[in-house]
Every structure is written in C-alpha cells, then in structure tokens.
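S.K.: Input file: protein_32.pdb. Contents: PDB, C-alpha atoms and all ligand atoms.
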```
ATOM      1  CA  MET X1294     -18.122  77.774 131.934
ATOM      2  CA  PRO X1295     -14.741  76.149 131.195
ATOM      3  CA  ARG X1296     -11.728  77.628 132.937
ATOM      4  CA  ALA X1297      -9.806  79.903 130.626
ATOM      5  CA  SER X1298      -6.620  78.069 131.554
ATOM      6  CA  GLU X1299      -7.987  75.056 129.673
ATOM      7  CA  HIS X1300      -8.284  77.259 126.615
ATOM      8  CA  PHE X1301      -4.814  78.634 127.180
ATOM      9  CA  SER X1302      -3.295  75.189 127.268
ATOM     10  CA  LYS X1303      -5.188  74.441 124.047
ATOM     11  CA  VAL X1304      -3.842  77.638 122.457
ATOM     12  CA  GLN X1305      -0.302  76.490 123.405
ATOM     13  CA  LEU X1306       2.261  79.221 123.206
ATOM     14  CA  PRO X1307       3.952  78.494 119.906
ATOM     15  CA  ASP X1308       7.675  77.919 119.764
ATOM     16  CA  ARG X1309       8.217  80.194 116.807
ATOM     17  CA  MET X1310      11.956  80.321 117.368
ATOM     18  CA  ARG X1311      12.099  76.778 115.975
ATOM     19  CA  ASN X1312       9.074  76.797 113.694
ATOM     20  CA  PRO X1313       8.426  80.111 111.916
ATOM     21  CA  HIS X1314       5.106  78.789 110.594
ATOM     22  CA  GLU X1315       3.589  78.636 114.063
ATOM     23  CA  ARG X1316       0.966  81.288 114.652
ATOM     24  CA  CYS X1317       2.064  84.337 116.635
ATOM     25  CA  LEU X1318      -0.167  85.441 119.536
ATOM     26  CA  LEU X1319      -1.300  88.987 120.292
ATOM     27  CA  MET X1320      -1.419  90.107 123.916
ATOM     28  CA  GLY X1321      -3.592  93.204 124.390
ATOM     29  CA  VAL X1322      -2.415  95.623 127.111
ATOM     30  CA  LEU X1323      -4.941  96.885 129.656
ATOM     31  CA  ASN X1324      -3.500  99.192 132.302
ATOM     32  CA  VAL X1325      -5.932  99.963 135.110
ATOM     33  CA  THR X1326      -3.753 102.762 136.435
ATOM     34  CA  PRO X1327      -3.872 106.547 136.644
ATOM     35  CA  ASP X1328      -0.259 106.937 135.444
ATOM     36  CA  SER X1329       0.789 104.365 132.824
ATOM     37  CA  PHE X1330       2.944 106.009 130.166
ATOM     38  CA  SER X1331       0.751 104.807 127.311
ATOM     39  CA  ASP X1332      -2.824 104.706 128.539
ATOM     40  CA  GLY X1333      -2.717 105.998 132.132
ATOM     41  CA  GLY X1334      -6.085 107.183 133.447
ATOM     42  CA  VAL X1335      -8.011 106.023 130.374
ATOM     43  CA  TYR X1336      -9.240 102.656 131.707
ATOM     44  CA  ASN X1337      -9.274 103.638 135.328
ATOM     45  CA  SER X1338     -12.789 102.397 136.126
ATOM     46  CA  VAL X1339     -14.145  98.852 135.905
ATOM     47  CA  ASP X1340     -16.619  99.845 133.171
ATOM     48  CA  ALA X1341     -14.005 101.592 131.019
ATOM     49  CA  ALA X1342     -11.544  98.721 131.465
ATOM     50  CA  VAL X1343     -14.110  96.050 130.574
ATOM     51  CA  LEU X1344     -15.167  98.040 127.518
ATOM     52  CA  GLN X1345     -11.559  98.207 126.347
ATOM     53  CA  ALA X1346     -11.116  94.468 127.000
ATOM     54  CA  ARG X1347     -14.194  93.803 124.848
ATOM     55  CA  THR X1348     -12.784  96.010 122.085
ATOM     56  CA  MET X1349      -9.469  94.145 122.156
ATOM     57  CA  ILE X1350     -11.200  90.741 122.188
ATOM     58  CA  THR X1351     -13.334  91.703 119.178
ATOM     59  CA  ALA X1352     -10.214  93.020 117.438
ATOM     60  CA  GLY X1353      -8.580  89.613 117.818
ATOM     61  CA  ALA X1354      -6.456  89.614 120.958
ATOM     62  CA  ASP X1355      -5.340  86.127 122.054
ATOM     63  CA  ILE X1356      -4.539  87.194 125.634
ATOM     64  CA  ILE X1357      -5.512  90.246 127.717
ATOM     65  CA  ASP X1358      -2.725  91.506 130.009
ATOM     66  CA  ILE X1359      -4.080  93.408 133.021
ATOM     67  CA  GLY X1360      -1.837  95.567 135.187
ATOM     68  CA  GLY X1361      -2.522  97.835 138.149
ATOM     69  CA  GLU X1362       0.953  99.323 138.657
ATOM     70  CA  SER X1363       2.777 101.497 136.169
ATOM     71  CA  THR X1364       6.375 100.405 135.665
ATOM     72  CA  ARG X1365       7.416 103.328 133.502
ATOM     73  CA  PRO X1366      10.795 104.774 134.561
ATOM     74  CA  GLY X1367      10.436 106.529 137.911
ATOM     75  CA  ALA X1368       6.753 105.574 138.391
ATOM     76  CA  ALA X1369       5.359 105.841 141.927
ATOM     77  CA  VAL X1370       5.283 102.544 143.833
ATOM     78  CA  VAL X1371       1.743 101.292 144.447
ATOM     79  CA  THR X1372       0.709  99.288 147.518
ATOM     80  CA  GLU X1373      -0.428  95.724 146.899
ATOM     81  CA  ALA X1374      -3.841  96.604 148.323
ATOM     82  CA  GLU X1375      -4.254  99.441 145.816
ATOM     83  CA  GLU X1376      -2.996  97.282 142.948
ATOM     84  CA  GLN X1377      -5.568  94.630 143.872
ATOM     85  CA  ARG X1378      -8.358  97.182 144.263
ATOM     86  CA  ARG X1379      -7.668  98.323 140.696
ATOM     87  CA  ILE X1380      -7.438  95.009 138.885
ATOM     88  CA  LEU X1381      -9.401  92.280 140.704
ATOM     89  CA  PRO X1382     -12.897  93.577 139.810
ATOM     90  CA  VAL X1383     -11.786  94.013 136.194
ATOM     91  CA  ILE X1384     -10.478  90.439 135.963
ATOM     92  CA  ALA X1385     -13.693  89.118 137.552
ATOM     93  CA  ALA X1386     -15.850  91.145 135.144
ATOM     94  CA  ILE X1387     -13.909  90.002 132.055
ATOM     95  CA  ARG X1388     -14.038  86.419 133.250
ATOM     96  CA  ARG X1389     -17.831  86.610 133.540
ATOM     97  CA  GLU X1390     -18.127  87.307 129.825
ATOM     98  CA  SER X1391     -15.101  85.738 128.133
ATOM     99  CA  VAL X1392     -12.946  82.625 128.313
ATOM    100  CA  LEU X1393     -10.011  84.355 126.631
ATOM    101  CA  PRO X1394      -6.777  83.852 128.578
ATOM    102  CA  VAL X1395      -6.021  86.711 130.982
ATOM    103  CA  SER X1396      -2.547  87.450 132.266
ATOM    104  CA  VAL X1397      -1.881  89.500 135.370
ATOM    105  CA  ASP X1398       0.993  91.970 135.071
ATOM    106  CA  THR X1399       2.301  92.004 138.644
ATOM    107  CA  ARG X1400       5.489  91.568 140.658
ATOM    108  CA  ASN X1401       3.535  90.714 143.810
ATOM    109  CA  ALA X1402       2.685  87.140 144.805
ATOM    110  CA  GLY X1403      -0.388  88.162 146.834
ATOM    111  CA  THR X1404      -1.835  90.000 143.845
ATOM    112  CA  ALA X1405      -1.004  87.110 141.514
ATOM    113  CA  ARG X1406      -2.738  84.600 143.819
ATOM    114  CA  LEU X1407      -5.914  86.698 144.149
ATOM    115  CA  ALA X1408      -5.936  87.429 140.414
ATOM    116  CA  ILE X1409      -5.783  83.693 139.677
ATOM    117  CA  GLU X1410      -8.648  83.134 142.124
ATOM    118  CA  GLU X1411     -10.658  85.675 140.103
ATOM    119  CA  GLY X1412      -9.860  83.744 136.906
ATOM    120  CA  ALA X1413      -6.483  84.971 135.601
ATOM    121  CA  ASP X1414      -4.535  82.276 133.743
ATOM    122  CA  ILE X1415      -0.979  83.562 133.369
ATOM    123  CA  ILE X1416       1.452  85.535 135.549
ATOM    124  CA  ASN X1417       3.419  88.269 133.791
ATOM    125  CA  ASP X1418       6.230  89.163 136.204
ATOM    126  CA  ILE X1419       8.503  91.972 134.980
ATOM    127  CA  SER X1420      10.922  91.130 137.797
ATOM    128  CA  ALA X1421      11.291  87.499 136.628
ATOM    129  CA  LEU X1422      10.463  86.151 140.126
ATOM    130  CA  ARG X1423      13.056  88.396 141.847
ATOM    131  CA  HIS X1424      10.812  91.039 143.455
ATOM    132  CA  ASP X1425       8.668  88.843 145.704
ATOM    133  CA  PRO X1426      10.266  85.736 147.224
ATOM    134  CA  ARG X1427       6.820  84.067 147.331
ATOM    135  CA  MET X1428       6.097  84.479 143.618
ATOM    136  CA  ALA X1429       7.720  81.233 142.412
ATOM    137  CA  GLU X1430       5.861  79.039 144.926
ATOM    138  CA  THR X1431       2.605  80.914 144.243
ATOM    139  CA  ALA X1432       2.932  80.266 140.495
ATOM    140  CA  ALA X1433       3.929  76.641 141.075
ATOM    141  CA  ALA X1434       0.950  76.050 143.391
ATOM    142  CA  ALA X1435      -1.403  77.566 140.795
ATOM    143  CA  GLY X1436       0.202  75.645 137.922
ATOM    144  CA  VAL X1437      -0.026  78.622 135.574
ATOM    145  CA  PRO X1438       2.382  79.751 132.825
ATOM    146  CA  VAL X1439       4.783  82.518 133.853
ATOM    147  CA  ILE X1440       6.314  85.263 131.729
ATOM    148  CA  LEU X1441       9.822  86.151 132.929
ATOM    149  CA  MET X1442      11.051  89.578 131.823
ATOM    150  CA  HIS X1443      14.602  90.922 131.845
ATOM    151  CA  MET X1444      15.215  94.257 133.570
ATOM    152  CA  GLN X1445      18.455  95.868 134.704
ATOM    153  CA  GLY X1446      17.753  97.637 138.024
ATOM    154  CA  THR X1447      14.224  98.488 139.173
ATOM    155  CA  PRO X1448      11.603 100.754 137.571
ATOM    156  CA  ALA X1449      12.780 103.537 139.917
ATOM    157  CA  THR X1450      16.414 103.354 138.802
ATOM    158  CA  MET X1451      16.556 101.392 135.554
ATOM    159  CA  GLN X1452      17.064 104.280 133.132
ATOM    160  CA  HIS X1453      19.766 106.081 135.173
ATOM    161  CA  ALA X1454      22.790 104.624 133.365
ATOM    162  CA  PRO X1455      22.119 101.178 131.923
ATOM    163  CA  ARG X1456      25.404  99.453 131.052
ATOM    164  CA  TYR X1457      26.247  96.197 129.265
ATOM    165  CA  THR X1458      29.251  94.906 127.350
ATOM    166  CA  ASP X1459      27.093  92.559 125.230
ATOM    167  CA  VAL X1460      23.439  93.274 125.986
ATOM    168  CA  THR X1461      22.045  90.175 124.244
ATOM    169  CA  GLY X1462      24.664  87.888 125.784
ATOM    170  CA  GLU X1463      23.912  89.295 129.240
ATOM    171  CA  VAL X1464      20.157  88.896 128.743
ATOM    172  CA  ILE X1465      20.736  85.257 127.724
ATOM    173  CA  ALA X1466      22.925  84.644 130.808
ATOM    174  CA  PHE X1467      20.220  86.242 132.982
ATOM    175  CA  PHE X1468      17.614  83.857 131.578
ATOM    176  CA  GLU X1469      19.859  80.814 131.978
ATOM    177  CA  GLU X1470      19.946  81.562 135.699
ATOM    178  CA  ARG X1471      16.245  82.560 135.968
ATOM    179  CA  LEU X1472      14.985  79.539 134.003
ATOM    180  CA  SER X1473      16.991  77.193 136.168
ATOM    181  CA  PHE X1474      15.630  78.918 139.312
ATOM    182  CA  ALA X1475      12.056  78.711 137.995
ATOM    183  CA  ARG X1476      12.370  75.040 137.020
ATOM    184  CA  ASP X1477      13.853  74.185 140.427
ATOM    185  CA  ALA X1478      10.753  75.822 141.924
ATOM    186  CA  GLY X1479       8.536  73.470 139.893
ATOM    187  CA  LEU X1480       7.564  75.801 137.042
ATOM    188  CA  SER X1481       7.448  74.348 133.553
ATOM    189  CA  GLN X1482       5.400  76.661 131.297
ATOM    190  CA  LEU X1483       7.845  79.537 130.938
ATOM    191  CA  VAL X1484       7.952  82.438 128.483
ATOM    192  CA  ILE X1485      10.909  84.836 128.273
ATOM    193  CA  ASP X1486      10.868  88.541 127.405
ATOM    194  CA  PRO X1487      13.973  90.706 126.770
ATOM    195  CA  GLY X1488      12.242  93.671 128.471
ATOM    196  CA  ILE X1489      12.443  96.398 125.846
ATOM    197  CA  GLY X1490      12.868  99.760 127.618
ATOM    198  CA  PHE X1491      13.613  98.233 131.023
ATOM    199  CA  GLY X1492      17.155  99.338 131.922
ATOM    200  CA  LYS X1493      18.211  99.787 128.288
ATOM    201  CA  THR X1494      19.376 102.679 126.142
ATOM    202  CA  LEU X1495      18.139 103.172 122.591
ATOM    203  CA  ASP X1496      21.145 101.222 121.272
ATOM    204  CA  HIS X1497      20.582  98.364 123.743
ATOM    205  CA  ASN X1498      16.929  98.089 122.630
ATOM    206  CA  LEU X1499      17.874  98.107 118.957
ATOM    207  CA  GLN X1500      20.623  95.524 119.426
ATOM    208  CA  LEU X1501      18.282  93.192 121.337
ATOM    209  CA  LEU X1502      15.609  93.479 118.643
ATOM    210  CA  ARG X1503      18.206  92.897 115.914
ATOM    211  CA  GLU X1504      19.664  89.869 117.693
ATOM    212  CA  LEU X1505      16.390  88.345 118.913
ATOM    213  CA  PRO X1506      17.058  84.948 117.269
ATOM    214  CA  ARG X1507      20.010  84.479 119.656
ATOM    215  CA  LEU X1508      17.427  83.959 122.439
ATOM    216  CA  GLY X1509      16.404  80.763 120.622
ATOM    217  CA  VAL X1510      19.256  78.987 122.419
ATOM    218  CA  LEU X1511      17.111  79.131 125.597
ATOM    219  CA  GLY X1512      14.404  76.948 124.043
ATOM    220  CA  CYS X1513      11.441  78.993 125.350
ATOM    221  CA  PRO X1514       8.757  80.995 123.557
ATOM    222  CA  VAL X1515       9.726  84.676 123.426
ATOM    223  CA  LEU X1516       7.364  87.573 124.151
ATOM    224  CA  VAL X1517       8.299  91.096 123.040
ATOM    225  CA  GLY X1518       6.741  94.405 124.105
ATOM    226  CA  THR X1519       7.731  97.391 121.980
ATOM    227  CA  SER X1520       4.297  99.008 121.732
ATOM    228  CA  ARG X1521       4.366 102.836 122.076
ATOM    229  CA  LYS X1522       7.690 102.710 123.977
ATOM    230  CA  SER X1523       9.983 105.691 124.259
ATOM    231  CA  PHE X1524      12.720 104.260 122.006
ATOM    232  CA  LEU X1525      10.204 104.656 119.158
ATOM    233  CA  GLY X1526       9.795 108.315 120.085
ATOM    234  CA  ALA X1527      13.592 108.710 120.209
ATOM    235  CA  LEU X1528      13.794 107.413 116.636
ATOM    236  CA  THR X1529      10.811 109.224 115.101
ATOM    237  CA  GLY X1530      10.113 112.191 117.378
ATOM    238  CA  ALA X1531       6.527 110.948 117.828
ATOM    239  CA  ASP X1532       4.710 111.435 121.137
ATOM    240  CA  THR X1533       3.267 108.361 122.887
ATOM    241  CA  PRO X1534      -0.175 108.356 121.197
ATOM    242  CA  ASP X1535       1.450 108.804 117.772
ATOM    243  CA  ARG X1536       3.803 105.822 117.932
ATOM    244  CA  LEU X1537       1.581 103.327 116.104
ATOM    245  CA  PRO X1538       3.692 103.232 112.902
ATOM    246  CA  GLY X1539       6.850 102.582 114.940
ATOM    247  CA  SER X1540       5.004 100.001 117.040
ATOM    248  CA  ILE X1541       3.889  98.125 113.937
ATOM    249  CA  ALA X1542       7.328  98.290 112.307
ATOM    250  CA  SER X1543       9.079  96.960 115.401
ATOM    251  CA  ASN X1544       6.475  94.242 115.988
ATOM    252  CA  LEU X1545       6.692  93.004 112.414
ATOM    253  CA  HIS X1546      10.466  92.955 112.766
ATOM    254  CA  VAL X1547      10.352  90.683 115.826
ATOM    255  CA  TRP X1548       7.550  88.610 114.280
ATOM    256  CA  GLY X1549       9.955  87.908 111.408
ATOM    257  CA  ARG X1550      12.582  86.837 113.934
ATOM    258  CA  GLY X1551      10.433  84.273 115.686
ATOM    259  CA  ALA X1552       8.718  86.100 118.574
ATOM    260  CA  ALA X1553       5.833  83.944 119.851
ATOM    261  CA  VAL X1554       3.793  86.679 121.542
ATOM    262  CA  LEU X1555       3.535  90.410 120.799
ATOM    263  CA  ARG X1556       2.395  92.667 123.675
ATOM    264  CA  VAL X1557       0.483  95.542 122.053
ATOM    265  CA  HIS X1558      -1.912  98.370 122.851
ATOM    266  CA  ASP X1559      -3.409  98.714 119.344
ATOM    267  CA  VAL X1560      -4.747  95.210 118.762
ATOM    268  CA  ARG X1561      -6.819  95.930 115.654
ATOM    269  CA  ALA X1562      -3.999  97.646 113.772
ATOM    270  CA  MET X1563      -1.462  95.025 114.778
ATOM    271  CA  ARG X1564      -3.748  92.169 113.809
ATOM    272  CA  ASP X1565      -4.210  93.669 110.336
ATOM    273  CA  ALA X1566      -0.454  94.128 109.972
ATOM    274  CA  LEU X1567       0.161  90.519 111.048
ATOM    275  CA  THR X1568      -2.509  89.193 108.724
ATOM    276  CA  VAL X1569      -0.771  90.831 105.774
ATOM    277  CA  ALA X1570       2.720  89.767 106.855
ATOM    278  CA  GLU X1571       1.620  86.169 107.486
ATOM    279  CA  ALA X1572      -0.221  85.971 104.159
ATOM    280  CA  ILE X1573       2.887  87.146 102.297
ATOM    281  CA  ALA X1574       5.072  84.719 104.230
ATOM    282  CA  GLY X1575       2.604  81.935 103.427
ATOM    283  CA  GLY X1576       2.476  80.720 107.031
ATOM    284  CA  GLY X1577      -0.440  80.424 109.457
ATOM    285  CA  THR X1578      -3.211  82.922 108.858
ATOM    286  CA  HIS X1579      -4.304  85.439 111.446
ATOM    287  CA  ALA X1580      -7.718  86.252 110.020
ATOM    288  CA  VAL X1581     -10.537  87.217 112.414
TER     289      VAL X1581
HETATM  290  N1  LIG E   1       6.093  96.566 129.342
HETATM  291  C1  LIG E   1       5.357  97.271 130.227
HETATM  292  C2  LIG E   1       4.659  96.627 131.257
HETATM  293  N2  LIG E   1       4.686  95.272 131.375
HETATM  294  N3  LIG E   1       5.419  93.176 130.596
HETATM  295  C3  LIG E   1       6.149  92.453 129.744
HETATM  296  N4  LIG E   1       6.189  91.110 129.844
HETATM  297  N5  LIG E   1       6.863  93.041 128.716
HETATM  298  C4  LIG E   1       6.879  94.391 128.541
HETATM  299  O1  LIG E   1       7.567  94.866 127.609
HETATM  300  C5  LIG E   1       6.121  95.195 129.453
HETATM  301  C6  LIG E   1       5.398  94.541 130.496
HETATM  302  C7  LIG E   1       5.317  98.758 130.101
HETATM  303  O2  LIG E   1       4.299  99.148 129.234
HETATM  304  P1  LIG E   1       2.846  99.613 129.710
HETATM  305  O3  LIG E   1       2.166  98.493 130.448
HETATM  306  O4  LIG E   1       2.099 100.107 128.533
HETATM  307  O5  LIG E   1       3.109 100.854 130.652
HETATM  308  P2  LIG E   1       3.171 101.057 132.230
HETATM  309  O6  LIG E   1       4.224 100.171 132.802
HETATM  310  O7  LIG E   1       3.485 102.527 132.396
HETATM  311  O8  LIG E   1       1.824 100.698 132.797
END
```
Have the structure of the file written as structure tokens, please.
Ligand code: HH2

M.R.:
Amino acid sequence: MPRASEHFSKVQLPDRMRNPHERCLLMGVLNVTPDSFSDGGVYNSVDAAVLQARTMITAGADIIDIGGESTRPGAAVVTEAEEQRRILPVIAAIRRESVLPVSVDTRNAGTARLAIEEGADIINDISALRHDPRMAETAAAAGVPVILMHMQGTPATMQHAPRYTDVTGEVIAFFEERLSFARDAGLSQLVIDPGIGFGKTLDHNLQLLRELPRLGVLGCPVLVGTSRKSFLGALTGADTPDRLPGSIASNLHVWGRGAAVLRVHDVRAMRDALTVAEAIAGGGTHAV
C-alpha cells in the first residue's frame, strides 16, 4: 500500500491566499479523549474512533486530525504515555484501511515520532514547536508537513486575561519568528493557524477572522479551526453540540478569505456548505 504521505504531497496544500480558485481542504477532527470540549468521551475506544474516521472519510474529509490530549481552557495535562495509548492504535487501524492523510494533534515529539511510525503524515502542533524542544528535529527527520498554531499562554492559562494591542499584527509577528525558527531547523512544508480560541477573547477571535487576508504576507497556507468553539456560543447562546450553524457561517467566512484548510467536526455538513459556496463562486468543485 502506498504511504499516505505520497498522497498528501500529491494533494498539495493549496495556497489559497494567492489563488482563490484553489480547492480548500477539509480536516476532520477526531479526539480520542475523555474530556475534549466538543466530542470528549464519544470516540474513546479504538472501534468508536475508527468508525468515526470512516464516517468522516465517506463524508469527504481530506485529512483526519487525531488528538489524544484535550487543549480546551484548563484541561488536565495528560502524560505522553497516556496520549500515545489513546491514539497510536487508532492511527494504525485507520492506516490499515485508508491512505487518506492523517495528522497527529500533539505538542510532544515522542508522540509525534511514534504516530509517524504508525503511519501519520502531518504534525499538528498547537504550541508551534515551543512546547517540546525535540519537536522541530523530530519533524525535520521525518520530513513531514507541520501545522504551526498561534496561542498566547498555555491551555492552562490562556483564557485568564488575553491581551493584545493589535491581535492580527502580533499573530503575524509571532509567525515571522516561528517560521524562521522552523526553516532554520530544516522544515519546509509549513502551515500556519491563527489559533481561534487559544488565548483570545471574543473580540480577538472576530478581529482575526475579519483580518485573515493579512496573514497572506507570510506566504504559507492558512488553516483555521472555528468548529463548535465557545466564541460561537458567546454570539448565539448555543451549547457545544448546537453550534453547527455558527461553525458553518464562520468556516464559509474564512473560506471566502483564502483559508486553505478548515478543521471541522461536522464533515458532511461542511462539505455540503463548501460545495454550494464553491459552485456559486465558480471555482474548484468540492463534489463527493
Ligand atoms: N483546536 C483544537 C485542537 N487542536 N489544532 C489546530 N491546528 N487548530 C485549532 O483550532 C485546534 C487544534 C481544539 O478543538 P478540539 O480538538 O475539538 O477540542 P479539545 O482540544 O478539547 O480536544
């Protein structure tokens, strides 16, 4: 069976900041945790997780993002051993039946390395290579794409009192430094993510989403994760499971502003929404 990374390099993360007609990719979220804010405890066994991966693949996901540690504000820290116990069998099981690219949502180099050995193709590091000093060399040795996410503080502290004078400008400055660090470490396939909900107030999130095209100056594909997040609840009053309309609205907004990858829980609904939006725009189709 061909390595999924070959398929990933064929898929090529589109640079939609420069070319709005490039196809946008959907990353389906799979949290193998007891406590994730959105789906904690639901896919907490290998069988349940693989079933959900299959559902997302059938629904048209381009990437499956597998995480074993909740990073919701104030979430309990998980040991690396526990994180690995949760996700490695799931990655291996998905790899046995699909060549779809799999990303591993981890801040830990040891987990990233073992996940890649099991067949993961991409590292999704919410700390942007700051949490584990071995992460950059691990990613460089594996030669995989890396998603760098912006976060002010850590998951334990990030929502205490986030402060910026110009949130988008500060996120751009953060990435200028992080991209230069990553490139010095030998990484070349880099994706940036403004980190919606990570050390940001409602206004910070809204301003970042509004000003997303400013990130185009960095010359990297942009991933955005708004799905089911609490800022949607703050706007609509909806509880986590009822935030699909807000998730779709915010994802279509960033799609229209050039995001290359959308990280979503509800793949089927988002794919339908994208298909309609892309058909109206007359760009690349997203039909199943
Ligand atoms: N959001 C979450 C986790 N990982 N990775 C990236 N690149 N971007 C994001 O916006 C992002 C992320 C939080 O969402 P979720 O995985 O649903 O919840 P939890 O952290 O509680 O598992």

S.K.: Check what the PyMOL selection byres (((not hetatm)) within 6 of (chain E and resi 1)) selects in the file above and give those residues as a list in words.

M.R.: Asn1324, Ser1329, Phe1330, Ser1331, Ser1363, Thr1364, Arg1365, Asn1417, Ile1419, Met1442, Asp1486, Gly1488, Ile1489, Val1517 and Gly1518 of chain X

S.K.: If I take CA of Leu1323 in chain X and CA of Thr1404 in chain X, how far is one from the other in Å, to one decimal?

M.R.: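 We find that CA of Leu1323 in chain X and CA of Thr1404 in chain X lie 16.1 Å from each other.
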
S.K.: Any chance you could work out the residue set of the PyMOL selection byres (((chain X and resi 1563-1572) around 12) and not hetatm) here, as number ranges by chain?

M.R.: X: 1313-1321, 1349-1355, 1519-1520, 1537-1549, 1554-1562, 1573-1581

S.K.: I'd like to know which of X:Ala1368, X:Val1464, X:Val1383, X:Leu1480 is closest to Leu1508 in chain X, using only C-alpha atoms.

M.R.: X:Val1464

S.K.: If I wrap all listed atoms of range 1443-1447 of chain X in a box with edges along x, y and z and add 4 Å on each side, what are its centre and edge lengths in Å to one decimal, as AutoDock Vina command-line options?

M.R.:
```
--center_x 16.3 --center_y 94.7 --center_z 135.5 --size_x 12.2 --size_y 15.6 --size_z 15.3
```

S.K.: Name the closest residue to Pro1487 in chain X among the candidates X:Thr1447, X:Ser1420, X:Gln1452, X:Thr1458; distances are taken between atoms, counting only C-alpha atoms.

M.R.: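 When distances to Pro1487 in chain X are compared using only C-alpha atoms, the smallest one comes from X:Ser1420.
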
S.K.: Work out how far CA of Ile1409 in chain X is from CA of Ala1432 in chain X, in Å to one decimal.

M.R.: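 Interatomic distance here is 9.4 Å.
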
S.K.: Would you please work out which residue, of X:Ile1415, X:Ala1386, X:Leu1511, X:Ala1478, is nearest to Val1339 in chain X when using all atoms listed in the file?

M.R.: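 Of the candidates, the smallest distance to Val1339 in chain X is held by X:Ala1386.
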
S.K.: All heavy atoms for range 1330-1337 of chain X, written as a PDB file, keeping the file's coordinate frame, could you do that?

M.R.:
```pdb
ATOM      1  N   PHE X1330       2.416 105.056 131.152  1.00  0.00           N
ATOM      2  CA  PHE X1330       2.944 106.009 130.166  1.00  0.00           C
ATOM      3  C   PHE X1330       2.082 106.046 128.906  1.00  0.00           C
ATOM      4  O   PHE X1330       1.989 107.065 128.232  1.00  0.00           O
ATOM      5  CB  PHE X1330       4.401 105.650 129.816  1.00  0.00           C
ATOM      6  CG  PHE X1330       4.541 104.578 128.768  1.00  0.00           C
ATOM      7  CD1 PHE X1330       4.700 104.920 127.429  1.00  0.00           C
ATOM      8  CD2 PHE X1330       4.490 103.240 129.094  1.00  0.00           C
ATOM      9  CE1 PHE X1330       4.812 103.947 126.445  1.00  0.00           C
ATOM     10  CE2 PHE X1330       4.595 102.260 128.128  1.00  0.00           C
ATOM     11  CZ  PHE X1330       4.754 102.610 126.803  1.00  0.00           C
ATOM     12  N   SER X1331       1.420 104.920 128.603  1.00  0.00           N
ATOM     13  CA  SER X1331       0.751 104.807 127.311  1.00  0.00           C
ATOM     14  C   SER X1331      -0.738 105.057 127.381  1.00  0.00           C
ATOM     15  O   SER X1331      -1.327 105.619 126.455  1.00  0.00           O
ATOM     16  CB  SER X1331       0.984 103.399 126.773  1.00  0.00           C
ATOM     17  OG  SER X1331       0.604 102.462 127.770  1.00  0.00           O
ATOM     18  N   ASP X1332      -1.373 104.611 128.453  1.00  0.00           N
ATOM     19  CA  ASP X1332      -2.824 104.706 128.539  1.00  0.00           C
ATOM     20  C   ASP X1332      -3.285 105.040 129.949  1.00  0.00           C
ATOM     21  O   ASP X1332      -4.411 104.720 130.339  1.00  0.00           O
ATOM     22  CB  ASP X1332      -3.475 103.388 128.063  1.00  0.00           C
ATOM     23  CG  ASP X1332      -2.929 102.176 128.802  1.00  0.00           C
ATOM     24  OD1 ASP X1332      -2.085 102.371 129.695  1.00  0.00           O
ATOM     25  OD2 ASP X1332      -3.343 101.050 128.496  1.00  0.00           O
ATOM     26  N   GLY X1333      -2.402 105.680 130.737  1.00  0.00           N
ATOM     27  CA  GLY X1333      -2.717 105.998 132.132  1.00  0.00           C
ATOM     28  C   GLY X1333      -3.981 106.830 132.255  1.00  0.00           C
ATOM     29  O   GLY X1333      -4.171 107.798 131.537  1.00  0.00           O
ATOM     30  N   GLY X1334      -4.870 106.415 133.172  1.00  0.00           N
ATOM     31  CA  GLY X1334      -6.085 107.183 133.447  1.00  0.00           C
ATOM     32  C   GLY X1334      -7.226 106.906 132.492  1.00  0.00           C
ATOM     33  O   GLY X1334      -8.365 107.283 132.754  1.00  0.00           O
ATOM     34  N   VAL X1335      -6.968 106.209 131.388  1.00  0.00           N
ATOM     35  CA  VAL X1335      -8.011 106.023 130.374  1.00  0.00           C
ATOM     36  C   VAL X1335      -8.959 104.894 130.764  1.00  0.00           C
ATOM     37  O   VAL X1335     -10.169 104.980 130.553  1.00  0.00           O
ATOM     38  CB  VAL X1335      -7.389 105.738 128.989  1.00  0.00           C
ATOM     39  CG1 VAL X1335      -8.464 105.614 127.923  1.00  0.00           C
ATOM     40  CG2 VAL X1335      -6.400 106.828 128.614  1.00  0.00           C
ATOM     41  N   TYR X1336      -8.409 103.821 131.358  1.00  0.00           N
ATOM     42  CA  TYR X1336      -9.240 102.656 131.707  1.00  0.00           C
ATOM     43  C   TYR X1336      -9.257 102.476 133.222  1.00  0.00           C
ATOM     44  O   TYR X1336      -9.116 101.368 133.748  1.00  0.00           O
ATOM     45  CB  TYR X1336      -8.702 101.396 130.999  1.00  0.00           C
ATOM     46  CG  TYR X1336      -8.479 101.645 129.533  1.00  0.00           C
ATOM     47  CD1 TYR X1336      -7.222 101.536 128.965  1.00  0.00           C
ATOM     48  CD2 TYR X1336      -9.538 102.049 128.717  1.00  0.00           C
ATOM     49  CE1 TYR X1336      -7.018 101.806 127.623  1.00  0.00           C
ATOM     50  CE2 TYR X1336      -9.347 102.328 127.379  1.00  0.00           C
ATOM     51  CZ  TYR X1336      -8.082 102.202 126.839  1.00  0.00           C
ATOM     52  OH  TYR X1336      -7.878 102.479 125.520  1.00  0.00           O
ATOM     53  N   ASN X1337      -9.451 103.597 133.895  1.00  0.00           N
ATOM     54  CA  ASN X1337      -9.274 103.638 135.328  1.00  0.00           C
ATOM     55  C   ASN X1337     -10.538 103.308 136.115  1.00  0.00           C
ATOM     56  O   ASN X1337     -10.585 103.492 137.306  1.00  0.00           O
ATOM     57  CB  ASN X1337      -8.760 105.042 135.691  1.00  0.00           C
ATOM     58  CG  ASN X1337      -7.848 104.993 136.886  1.00  0.00           C
ATOM     59  OD1 ASN X1337      -7.521 103.912 137.356  1.00  0.00           O
ATOM     60  ND2 ASN X1337      -7.465 106.154 137.379  1.00  0.00           N
TER      61      ASN X1337
END
```
